[in-house]
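**Student:** Okay, here's the structure, questions in a sec.
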Amino acid sequence: MQARIFVTLKNGVLDPQGKAVATALHSLGYEGVGAVRQGKMFEIDIAAADRESARAELGEMCERLLANTVIENYEIEIVD
Amino acid sequence: MQARIFVTLKNGVLDPQGKAVATALHSLGYEGVGAVRQGKMFEIDIAAADRESARAELGEMCERLLANTVIENYEIEIVD
Amino acid sequence: MKAAVIVFPGSNCDRDVQVALRQSMGAEPDMVWHGDHSLGRYDLVVLPGGFSYGDYLRCGAISAHSPIMKEVVRHAERGGAVLAICNGFQIACESHLLPGALMHNASGRFVCRPVRMRVETADTPFTARYDTARPIEIPVAHHDGNYFADEATLDRLEGEGRVVFRYDGDNPNGSLRDIAGIVSENRRVLGLMPHPERAADPALGGTDGRAMFESLVEALS
Amino acid sequence: MTGIEITPEIVAEHGLTPEEYERVVAALGRTPNITELGIFSVMWSEHCSYKSSKVWLKTLPTEAPWVICGPGENAGIIDIGDGDAAIFKMESHNHPSFIEPYQGAATGVGGIMRDVFTMGARPVANMNALRFGSPDHPKTRRLLAGVVAGIGGYGNCMGVPTVGGEVNFHPAYDGNILVNAMCVGTARADRIFYSAAAGIGNPVVYVGSRTGRDGIHGATMASAEFDDASEEKRPTVQVGDPFMEKLLLEACLELMATDAIVAIQDMGAAGLTCSSVEMADKGGVGLELDLDAVPQREAGMNPYEIMLSESQERMLMVLKPGREAEARAIFEKWGVEFAVVGHLTDTGRFTLKMGGETVGDIPVRPLVDDAPSYERPWTPTARPRPLDPASAPQPNSYEDALRRLMGCFDVASRRWIFEQYDHSVMADTVQKPGGDAAVVRVHGTKKALAISTDVTPRYCLADPVEGGRQAVAETWRNITAVGATPLAITDCLNFGNPERPEIMGQLAGCIEGMGEACRALDYPVISGNVSLYNETNGKGILPTPAIGGVGLLADSSKMVRIAVTEAGLTLILIGD
Ligand SMILES: Nc1ncnc2c1ncn2[C@@H]1O[C@H](COP(=O)(O)OP(=O)(O)O)[C@@H](O)[C@H]1O
């Protein structure tokens, strides 16, 4: 099974990287760009009985390692 | 309009972060995990007439800034 | 004082802090491998600077799960002292020994230079020998030293006098409230981004870091 | 694989002239297969064989009573007293840095550090000499930012201080930037490791990152047979993993504290090929590799790919028989891959096996010795007319003139650059960036090393001989200015296309000037690197023989700085 995990900064946490990207895009002429947030994406191959147990295990992985829940949120997507 | 851009390393390019994450997950007991690839995700607010012009403009942004096309691929998703 | 310096794969400043400790202790600290499952009895455990695990995933994120960290946490729960420098501070936050998180520098770049700081409190085993009226200068060298915690946590830290070092008009990384170093509730775990071990030898340009090691030897021997 | 026919087009694509190809056939005694052709083409490339510069490099002075090892090994070694040695070298990574500035510069730093620690020295200081195009050239900002971030990213992660260097901006580098990385390490003089393989039957061991398809150039037909010709499969840019190199460094140093190692070599350009052939040649032995045993990152790699891969962070060692388990334990502790991939033989041949078959078999001596060496035609640069200072117009305002000078790109503060480098890690940097030379203590002693990199390319353009002399002399002066005794140099010779006689003349002239200065100052060359073909559309770079000088302070407390610390002091000018 293939899963995608998206890890993003919580609202209220300043995102200097995202801000720098937005500024750079503006200076390249992309005036229509508003806010930019930069996060991470993990593509994980996982062996699991079914989607539910995969999701549960991936959730644990996020809580324990993949996301720093002090400052980050996570979202799990099973690709197939 | 809200868009998500996923930037990942091309196949064949070394991904030391993905490797380190996979090893760490194994040592935490998640034996079912195979390969892990780590990439970036940008969440962008963009003002555009329609999805097509948004996509075209975002593609340009990827080619010029968001992805290093020597070693990275990109994928555009309009969330709106 | 019995001291241990934990060495993680990718730690770089372990030898530097070993030298500074040796100088102040007049004895050798123990160098302890991260993979060990047991930790002897120590008065002080040091989490040194460096790039443990290459800063992969997040700084200190993978190190926080090293076998030795369970023991370091127990040591801290027993009231043991922990000095967490730079990458060590990152590991301490990821291990929840300290609140908050260290994020990318606001400039987006690595920064290596001396910074001016105020010592906000001498009421810790790390700062008893400092004169809080006199600002000090200690080098920083980091890419991810931008301290973040939510408003409630920041207020609590301030209210409880747990901000130990504050950048003095010279914030190199965008840390909230100019926070350079904080201490735990029991005041025995200190995390700071600057490197006191690089300011403990006159030949290296400054000795404002030496008082920290002397404070510790005095408090913990 | 065996089905690929060697055609003149394939030979040309491998960068070999028809005459060079005839030499290959003569050396082999038959037509090479594609893997063997690949091996010859990298061993006989300019980068590995120095075919255009060898004849001139031979003229440089390389000896002194304090030189333990001159050119010929991975890095040069000097005696710094009390049984201590300093080991150093400078190397270029110009073309990759133009394509991918961060990774190009990063892997350049990684490569030079491996060249130093493969000899048993812990790296203690890095420097870099950078040349970029005009400041308002559209690419310059991005290249500068990427290169500086890459050098910092790799060096800082390794925990080695980057203590100095130089940066110039000039339109001649618009299409060809220069990234020269220097590394200095220290070791005990009686614990130095060399690369000559010895001991028939001894195991050949591979340690480090897995081998992928990184950096494999040309020869499109070699892979067309094996994959669905997706361009994705062959990234031409190497990506570095400084964390892996840090682990590799610590594991190697730990093993080097035992006596299990017979010989060791890092895998740099053309990785497995260059390292194993050089080790075998130096030792006068044969070497057999079992390619199935080589740790691989990609599936289905063929012998050509395995032998030519430029994956980073890998070393090759010959161990004493029976010591494999002890060595493996050390590498496993550090989380570094360890694999016995072959053994030494007495056949004098370089033999490759895969799937039980011989997929390559080349005699070692001819592969190394029969590499071409060219005496390319060269024309000296015409000596410019001497400039009469009286003919230069006086400035209206000296103050304005001073301000303009101080603000020009080649003079302005480099703080933006060196504050991105950790210059105080290892707690021995006694003179940081900003002075004439960087000074780094020899850990645990009163001694210190002074290090400087210098060259003035526009002098070399005007008069290569003078420019070569001046570059060497400038490093000498910078080192003496901090109170140290200059001992030896390394160099990185960056030039344009050597097939153009005027460029060859620049190279010959600069080397002549360097040699004169080195001899006059008793300041030999102990290592170096040459980078040619730095040209785009016939426009070449300024001749840039970058010199890296190293000197010794017997007592680091006697070091001198440039800061004027009080008013009322007397200023004295020495010299004409
Ligand atoms: N410009 C030079 N000046 C002096 N020695 C040089 C120069 N270029 C190369 N060398 C020496 O020639 C040998 C071969 O160089 P090279 O192939 O770059 O070594 P490596 O394979 O270790 O990178 C080395 O020992 C190197 O020090």
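For the structure tokens, the naming scheme is as follows: chains receive sequential letters (A, B, ...) according to their order of presentation, residues are indexed from 1 within each chain, and ligands are indexed from 1 in presentation order.
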Identify, counting only C-alpha atoms and all ligand atoms, the protein, DNA and RNA residues located within 7 Å of ligand 1, and give them as number ranges by chain.

**Tutor:** D: 47-49, 57, 71-76, 89, 115, 268, 490-493, 525-530

**Student:** Write out the residues from the selection above, keeping C-alpha atoms, as a PDB file, in the first residue's frame.

**Tutor:**
```pdb
ATOM      1  CA  HIS D  47      40.412  14.786 -15.056  1.00  0.00           C
ATOM      2  CA  CYS D  48      41.963  11.454 -14.067  1.00  0.00           C
ATOM      3  CA  SER D  49      45.080  11.286 -16.224  1.00  0.00           C
ATOM      4  CA  LEU D  57      53.351  19.685 -13.418  1.00  0.00           C
ATOM      5  CA  PRO D  71      52.050  14.700  -5.112  1.00  0.00           C
ATOM      6  CA  GLY D  72      50.986  11.197  -5.997  1.00  0.00           C
ATOM      7  CA  GLU D  73      48.776  10.288  -3.079  1.00  0.00           C
ATOM      8  CA  ASN D  74      45.301  11.499  -2.193  1.00  0.00           C
ATOM      9  CA  ALA D  75      46.729  14.533  -0.409  1.00  0.00           C
ATOM     10  CA  GLY D  76      50.145  15.912   0.505  1.00  0.00           C
ATOM     11  CA  LYS D  89      44.876  19.428  -0.746  1.00  0.00           C
ATOM     12  CA  ASP D 115      40.908  12.840   0.182  1.00  0.00           C
ATOM     13  CA  GLY D 268      36.047  10.190  -6.116  1.00  0.00           C
ATOM     14  CA  THR D 490      48.610  22.907  -2.680  1.00  0.00           C
ATOM     15  CA  ASP D 491      47.121  24.289  -5.858  1.00  0.00           C
ATOM     16  CA  CYS D 492      44.073  24.178  -8.065  1.00  0.00           C
ATOM     17  CA  LEU D 493      44.910  25.166 -11.639  1.00  0.00           C
ATOM     18  CA  VAL D 525      53.997  21.950  -3.929  1.00  0.00           C
ATOM     19  CA  ILE D 526      52.762  18.841  -2.156  1.00  0.00           C
ATOM     20  CA  SER D 527      49.412  18.234  -3.813  1.00  0.00           C
ATOM     21  CA  GLY D 528      47.020  19.801  -6.247  1.00  0.00           C
ATOM     22  CA  ASN D 529      44.426  19.550  -8.927  1.00  0.00           C
ATOM     23  CA  VAL D 530      43.937  20.723 -12.489  1.00  0.00           C
TER      24      VAL D 530
END
```

**Student:** Dump as a list in words the residues of chain D that approach chain C to within 6 Å, counting only C-alpha atoms.

**Tutor:**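 Listing them in order of chain and number gives Cys157, Gly159, Phe243, Glu419, Gln420, Asp422, Met426, Ala427 and Val430 of chain D.
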
**Student:** How would the residues just chosen look if you wrote them out with C-alpha atoms as a JSON list (two decimals), in the first residue's frame?

**Tutor:**
```
[["chain", "number", "residue", "atom", "x", "y", "z"],
["D", 157, "CYS", "CA", 27.15, 19.18, 9.05],
["D", 159, "GLY", "CA", 31.56, 19.66, 11.99],
["D", 243, "PHE", "CA", 25.63, 12.92, 7.55],
["D", 419, "GLU", "CA", 28.74, 34.00, 8.55],
["D", 420, "GLN", "CA", 27.03, 31.13, 6.74],
["D", 422, "ASP", "CA", 30.54, 27.52, 10.99],
["D", 426, "MET", "CA", 36.08, 22.09, 17.03],
["D", 427, "ALA", "CA", 36.96, 25.05, 19.32],
["D", 430, "VAL", "CA", 42.19, 31.27, 16.92]]
```

**Student:** Set the cut-off to 7 Å and count only C-alpha atoms: what are the residues of chain A that reach chain B? Output as a ChimeraX atom specification.

**Tutor:** /A:32-48

**Student:** Which neighbours of Gly38 of chain D fall inside 9 Å, counting only C-alpha atoms, when residues of the same chain fewer than 6 positions from it are skipped, and could you give them as an MDAnalysis selection string?

**Tutor:** chainID D and resid 14 219 304 307:308

**Student:** What would the file look like if the residues just selected were written as a PDB file, in the first residue's frame with all heavy atoms?

**Tutor:**
```pdb
ATOM      1  N   HIS D  14      32.708   8.609 -25.836  1.00  0.00           N
ATOM      2  CA  HIS D  14      33.432   8.407 -24.579  1.00  0.00           C
ATOM      3  C   HIS D  14      34.611   9.349 -24.435  1.00  0.00           C
ATOM      4  O   HIS D  14      35.426   9.216 -23.542  1.00  0.00           O
ATOM      5  CB  HIS D  14      33.914   6.948 -24.481  1.00  0.00           C
ATOM      6  CG  HIS D  14      32.865   6.021 -23.985  1.00  0.00           C
ATOM      7  ND1 HIS D  14      31.904   5.473 -24.806  1.00  0.00           N
ATOM      8  CD2 HIS D  14      32.586   5.580 -22.727  1.00  0.00           C
ATOM      9  CE1 HIS D  14      31.087   4.723 -24.085  1.00  0.00           C
ATOM     10  NE2 HIS D  14      31.479   4.765 -22.830  1.00  0.00           N
ATOM     11  N   ALA D 219      27.308   7.684 -23.252  1.00  0.00           N
ATOM     12  CA  ALA D 219      27.078   6.262 -23.518  1.00  0.00           C
ATOM     13  C   ALA D 219      25.617   5.903 -23.367  1.00  0.00           C
ATOM     14  O   ALA D 219      25.262   4.986 -22.658  1.00  0.00           O
ATOM     15  CB  ALA D 219      27.940   5.416 -22.598  1.00  0.00           C
ATOM     16  N   TYR D 304      28.832  -1.619 -16.311  1.00  0.00           N
ATOM     17  CA  TYR D 304      29.244  -0.280 -16.743  1.00  0.00           C
ATOM     18  C   TYR D 304      28.810   0.757 -15.715  1.00  0.00           C
ATOM     19  O   TYR D 304      29.586   1.603 -15.286  1.00  0.00           O
ATOM     20  CB  TYR D 304      28.601  -0.002 -18.103  1.00  0.00           C
ATOM     21  CG  TYR D 304      28.968   1.310 -18.741  1.00  0.00           C
ATOM     22  CD1 TYR D 304      30.013   1.386 -19.654  1.00  0.00           C
ATOM     23  CD2 TYR D 304      28.247   2.469 -18.457  1.00  0.00           C
ATOM     24  CE1 TYR D 304      30.343   2.593 -20.261  1.00  0.00           C
ATOM     25  CE2 TYR D 304      28.572   3.671 -19.049  1.00  0.00           C
ATOM     26  CZ  TYR D 304      29.623   3.723 -19.955  1.00  0.00           C
ATOM     27  OH  TYR D 304      29.945   4.915 -20.547  1.00  0.00           O
ATOM     28  N   MET D 307      30.665   0.424 -12.319  1.00  0.00           N
ATOM     29  CA  MET D 307      32.066   0.865 -12.340  1.00  0.00           C
ATOM     30  C   MET D 307      32.218   2.360 -12.542  1.00  0.00           C
ATOM     31  O   MET D 307      33.199   2.946 -12.100  1.00  0.00           O
ATOM     32  CB  MET D 307      32.844   0.132 -13.449  1.00  0.00           C
ATOM     33  CG  MET D 307      32.999  -1.365 -13.232  1.00  0.00           C
ATOM     34  SD  MET D 307      33.563  -1.792 -11.561  1.00  0.00           S
ATOM     35  CE  MET D 307      35.161  -0.992 -11.525  1.00  0.00           C
ATOM     36  N   LEU D 308      31.275   2.994 -13.231  1.00  0.00           N
ATOM     37  CA  LEU D 308      31.422   4.414 -13.532  1.00  0.00           C
ATOM     38  C   LEU D 308      30.598   5.328 -12.625  1.00  0.00           C
ATOM     39  O   LEU D 308      30.695   6.539 -12.714  1.00  0.00           O
ATOM     40  CB  LEU D 308      31.042   4.677 -14.994  1.00  0.00           C
ATOM     41  CG  LEU D 308      32.222   4.635 -15.983  1.00  0.00           C
ATOM     42  CD1 LEU D 308      32.994   3.342 -15.873  1.00  0.00           C
ATOM     43  CD2 LEU D 308      31.736   4.832 -17.394  1.00  0.00           C
TER      44      LEU D 308
END
```

**Student:** Identify, with DSSP run on backbone atoms, the residues in chain B assigned to strand (DSSP E or B), and express the list as a list in words.

**Tutor:**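 The strand (DSSP E or B) subset of chain B is Gln2, Ala3, Arg4, Ile5, Phe6, Val7, Thr8, Leu9, Val33, Gly34, Ala35, Val36, Arg37, Gln38, Gly39, Lys40, Met41, Phe42, Glu43, Ile44, Asp45, Ile46, Glu72, Asn73, Tyr74, Glu75, Ile76, Glu77 and Ile78 of chain B.
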
**Student:** Counting only C-alpha atoms, which residues from chain D have an atom at most 12 Å from any atom of chain B, and could you show them as an NGL selection string?

**Tutor:** :D and (96 or 98-104 or 142 or 146 or 209-216 or 230-245 or 296-299 or 301 or 309-313 or 335)

**Student:** With only C-alpha atoms as the basis for distance, which of C:Ile6, C:Leu21, C:Val189, C:Ala61 is at the shortest distance from chain A?

**Tutor:** C:Ala61

**Student:** For the structure I just gave you, how does DSSP split segment 257-475 of chain D - specifically, which residues are helix (DSSP H, G or I)? Reply as a PyMOL selection string.

**Tutor:** chain D and resi 271-283+291-293+303-308+324-333+364-369+389-391+398-407+415-418+457-462+464-475

**Student:** Define the interface residues of chain C facing chain A as those within 9 Å, counting only C-alpha atoms, and report them as a list of chain:residue names.

**Tutor:**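 Applying the cut-off to the listed atoms yields C:Leu57, C:Arg58, C:Ala61, C:Ile62, C:His65, C:Glu94, C:Pro99, C:Gly100, C:Ala101, C:Met103, C:His104, C:Asn105, C:Ala106, C:Ser107, C:Gly108, C:Phe148, C:Ala149, C:Asp150.
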
**Student:** For atom CA of Glu502 of chain D and atom CA of Glu46 of chain D, quote the distance in Å rounded to one decimal.

**Tutor:**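 Separating atom CA of Glu502 of chain D from atom CA of Glu46 of chain D is a distance of 18.3 Å.
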
**Student:** Expressed in Å to a single decimal, how great is the separation between atom CA of Thr381 of chain D and atom CA of Gly505 of chain D?

**Tutor:**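 So the two atoms, atom CA of Thr381 of chain D and atom CA of Gly505 of chain D, lie 6.5 Å apart.
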
**Student:** In Å to one decimal, how far is atom CA of Lys353 of chain D from atom CA of Asp266 of chain D?

**Tutor:** 21.7 Å
